[in-house]
Amino acid sequence: MNYKLIGSNDTNNIIKTVLNNRGIEDWKGYINLSKASRDTYEDLDNIAKAVFAFELHYGQKHPMAILVDNDVDGICSGTLMYKFIKALDPNYDVRMYVHRKNKSHGLDGDFDIDDDIKLLIVPDAGSNDVEEHKRLYYDLGIDCLCLDHHQVTVDTSDSPAIIVNNQMSDKYVNKGCCGASVTLEFCRALEEYYWEYACDNLLDLAAVANVCDIMPITEFETRAIINEGLANINNKMLQQIIKAQDFSMKGIVSPHTVGFYVGPLINAFIRMATYEERKLLVRAFCEDESETFSYTKRGESFPTEENIYEHVVRLMKSYKGKQDRQRQSALPTLVNKGKECVGNVALIDATGILDTALTGVVAIKVSEALNMPTLLLQKRNDKTYGGSGRVFDNCPVEDFRSLVDECPYTTLAQGHPGAFGIEIPAENIDAAREWLNDKLSGVSMDKIYHVDFEVDATDLSIPMFQVLDQSKTLWGHNIDEPLFAIKELHITAENSRICGKSQNTIQIYDDVANVKYVMFFCDGEGELYQWINNNWGDSEAVITVIGTLGLSSYEGKLDSQVIIKDARIERTIQN
Ligand SMILES: [Mn+2]
């Protein structure tokens with residue numbers, strides 16, 4: 001274990017230091033963001049045209065349809081649009097379309113359009129589907145409105161569709177927002193046009209979509225929507241999901257908890273559920289309570305009735321469980337295959353062992369288990385393999401993607417430095433393995449933690465723990481919770497112990513600073529674990545700890561607590 005201090009180490013201004021370290025200069029402005037802005041929609045290209053097209057059909061009560069894309073952003077933006085139209089007119093004929101296949105994206109034609117539809121709204125997708133725009137407009141007489149945030153890679157100049165897309169709008173500042181944000185902007189424009197203000201109640205959908213689409217929460221506008229939306233979860237389906245995950249979320253609805261416990265549940269469902277079930281999910285988001293469901297609990301002989309939210313959440317949990325089990329059963333096989341790899345990089349063929357939809361999520365676990373940068377491959381056809389590249393957290397190889405991209409034997413490495421998609425010709429795999437190992441030979445794979453603060457254990461003070469406890473909802477993707485390197489922590493047989501049902505928790509109590517330390521899910525082989533486990537005498541160890549700070553509540557009393565991520569023994573003292 002190693003660590004590197006980033007930034008100014010100013011423990012008197014913890015939040016300022018952390019936000020500065022994350023690239024945010026106006027840190028006060030950032031933490032005081034509450035209201036999302038109401039007038040940025042004017043900067044989107046084609047927004048006036050979009051309002052005009054909407055009114056053209058709305059004014060004549062033409063039936064409209066919304067095509068729901070297959071991810072959290074797709075479902076949230078579709079629901080937002082639907083709810084807004086229903087706020088304008090509760091009886092308006094607007095229909096939700098769902099793709100028959102669960103991997104479809106955009107206007108790829110695997111959905112049916114009713115003959116009477118005159119306007120098709122496509123949130124979170126569709127900008128690039130020019131041929132389909134033409135077919136809809138010229139062959140079927142349907143106007144198409146895309147409310148999108150994806151990069152446009154084709155020439156759209158002769159498309160008859162109306163495309164509202166933040167990436168294509170030079171004046172629009174926020175390039176890092178999701179489809180639901182663009183949809184929200186369109187609804188803001190409609191608000192002004194119709195003098196019917198309904199968007200404020202729909203920000204929860206935009207907030208959850210931004211978090212789950214992994215948009216940078218460092219963008220002020222995105223952050224404002226997240227703050228306002230997560231503070232007011234109105235959607236009943238979202239409420240039920242959060243209720244079901246309360247054991248993990250502990251009452252905190254933040255970018256971190258939503259990203260970890262809400263998104264994966266919805267995504268597991270979308271990936272694995274049937275067409276009929278996915279239609280049910282859309283109805284639940286749209287709060288259609290017209291149907292109830294009956295279900296017989298295990299061990300009971302009579303069915304109980306459940307509402308649509310309870311029903312869908314139960315299906316979600318069962319699909320998530322199935323996905324977790326698939327993942328867990330494949331993991332040991334893949335890790336064993338990885339152990340056969342010599343050198344510093346694991347290239348593993350997962351064909352037939354793992355569902356291709358799970359390659360990315362499993363690759364990170366394999367990389368963690370092997371402590372090696374990992375390429376998890378799946379055979380696409382006789383000539384090509386595709387897959388995912390991942391590095392374990394705090395891996396010293398900071399830009400694995402660039403390295404794989406540079407490798408002359410790979411044909412694609414696209415995404416983020418530590419998480420990306422790859423493509424490699426079958427005949428090149430051995431050469432690629434050799435090339436990558438050569439590049440990384442001699443590189444130590446010891447974890448390097450980037451810490452915001454480096455302090456002595458005796459320097460920890462209660463206000464630090466309080467400030468961080470109050471800031472719990474700040475953390476998420478791009479705004480990671482700060483890590484502390486805490487030095488000179490003295491442990492003895494008296495103040496440290498191994499506990500827990502599975503004997504895998506370490507507890508340390510520092511009675512000088514009055515701070516509790518706890519490390520969960522410890523590796524029994526770890527240096528600290530071994531020392532505590534074998535120390536019965538009066539020897540003492542001085543350790544450095546990497547951890548996060550917060551308050552824990554026990555029997556109504558709040559304690560300062562450090563959650564240990566890693567630790568290193570610096571020296572031992574024989575008393
Ligand atoms: Mn999206």
# chains A, B, ... in the order shown; residues from 1 in each chain; ligands from 1

$ select_by_dssp --residues "stretch 346-464 of chain A" --states "strand (DSSP E)" --output "ChimeraX atom specification"
/A:346-349,374-379,384-390,412-416,419-425,448-451,453-456

$ residues_around --residues "A:Val404" --least-positions-apart "3" --cutoff "8 Å" --atoms "only C-alpha atoms" --output "NGL selection string"
:A and (400-401 or 407 or 410 or 413 or 436)

$ residues_around --residues "A:Gly126" --least-positions-apart "2" --cutoff "6 Å" --atoms "only C-alpha atoms" --output "number ranges by chain"
A: 106-107, 128-129, 146

$ residues_near_ligand --ligand "ligand 1" --cutoff "7 Å" --atoms "only C-alpha atoms and all ligand atoms" --output "PDB file with C-alpha atoms, in the first residue's frame"
ATOM      1  CA  ASP A  73     -32.011   7.774 -18.525  1.00  0.00           C
ATOM      2  CA  GLY A  74     -34.369   6.505 -21.226  1.00  0.00           C
ATOM      3  CA  ASP A 124     -32.389  10.251 -24.835  1.00  0.00           C
ATOM      4  CA  HIS A 149     -27.533  14.223 -25.581  1.00  0.00           C
ATOM      5  CA  CYS A 178     -28.219  13.429 -19.871  1.00  0.00           C
ATOM      6  CA  GLY A 179     -31.266  12.899 -22.076  1.00  0.00           C
ATOM      7  CA  ASP A 213     -26.131   7.866 -16.795  1.00  0.00           C
TER       8      ASP A 213
END

$ closest_residue --among "A:Ile422, A:Gly229, A:Lys516, A:Glu131" --to "A:Tyr554" --atoms "only C-alpha atoms"
A:Lys516

$ closest_residue --among "A:His416, A:Asn70, A:His450, A:Asp405" --to "A:Ile266" --atoms "only C-alpha atoms"
A:Asn70

$ residues_around --residues "stretch 536-539 of chain A" --least-positions-apart "4" --cutoff "7 Å" --atoms "only C-alpha atoms" --output "PyMOL selection string"
chain A and resi 492-493+573-575

$ closest_residue --among "A:Glu570, A:Glu228, A:Asp116, A:Asp324" --to "A:Glu527" --atoms "only C-alpha atoms"
A:Glu570

$ residues_around --residues "A:Lys447" --least-positions-apart "4" --cutoff "12 Å" --atoms "only C-alpha atoms" --output "list of chain:residue names"
A:Met1, A:Asn2, A:Tyr3, A:Lys4, A:Glu368, A:Asn371, A:Met372, A:Pro373, A:Val391, A:Phe392, A:Asp393, A:Asn394, A:Cys395, A:Pro396, A:Val397, A:Glu398, A:Val443, A:Ile546, A:Lys565, A:Asp566, A:Ala567, A:Arg568

$ residues_around --residues "stretch 182-190 of chain A" --least-positions-apart "6" --cutoff "8 Å" --atoms "only C-alpha atoms" --output "MDAnalysis selection string"
chainID A and resid 38:42 47 50:51 77 80:81 84 123:124 147:149 164:166 196 199 203 206

$ atom_distance --atom1 "atom CA of A:Lys83" --atom2 "atom CA of A:Val211"
20.3 Å

$ residues_around --residues "stretch 5-13 of chain A" --least-positions-apart "4" --cutoff "6 Å" --atoms "only C-alpha atoms" --output "ChimeraX atom specification"
/A:21,450-453

$ write_last_selection --atoms "N, CA and C atoms" --output "short mmCIF file (atom, residue, chain, number, x, y, z; two decimals), in the first residue's frame"
data_model
loop_
_atom_site.label_atom_id
_atom_site.label_comp_id
_atom_site.auth_asym_id
_atom_site.auth_seq_id
_atom_site.Cartn_x
_atom_site.Cartn_y
_atom_site.Cartn_z
N ASN A 21 -9.60 20.12 -4.94
CA ASN A 21 -8.89 18.93 -5.46
C ASN A 21 -9.67 18.22 -6.57
N HIS A 450 -4.85 8.08 -3.68
CA HIS A 450 -4.72 9.53 -3.77
C HIS A 450 -5.49 10.12 -2.59
N VAL A 451 -4.76 10.67 -1.62
CA VAL A 451 -5.43 11.16 -0.41
C VAL A 451 -5.50 12.68 -0.43
N ASP A 452 -6.56 13.20 0.17
CA ASP A 452 -6.74 14.65 0.25
C ASP A 452 -6.04 15.23 1.47
N PHE A 453 -5.87 14.38 2.49
CA PHE A 453 -5.28 14.86 3.74
C PHE A 453 -4.31 13.82 4.28
#

$ closest_residue --among "A:Gly476, A:Pro417, A:Pro264, A:Pro90" --to "A:Val361" --atoms "only C-alpha atoms"
A:Pro264

$ closest_residue --among "A:Gly442, A:Gly109, A:Gly251, A:Gly59" --to "A:Asp89" --atoms "only C-alpha atoms"
A:Gly59

$ atom_distance --atom1 "atom CA of A:Arg22" --atom2 "atom CA of A:Ile225"
19.4 Å

$ closest_residue --among "A:Ile424, A:Leu528, A:Leu280, A:Ala330" --to "A:Val313" --atoms "only C-alpha atoms"
A:Leu280

$ select_by_dssp --residues "stretch 142-276 of chain A" --states "alpha helix (DSSP H)" --output "PyMOL selection string"
chain A and resi 179-194+203-212+220-231+236-244+246-249+255-257+263-272+275-276
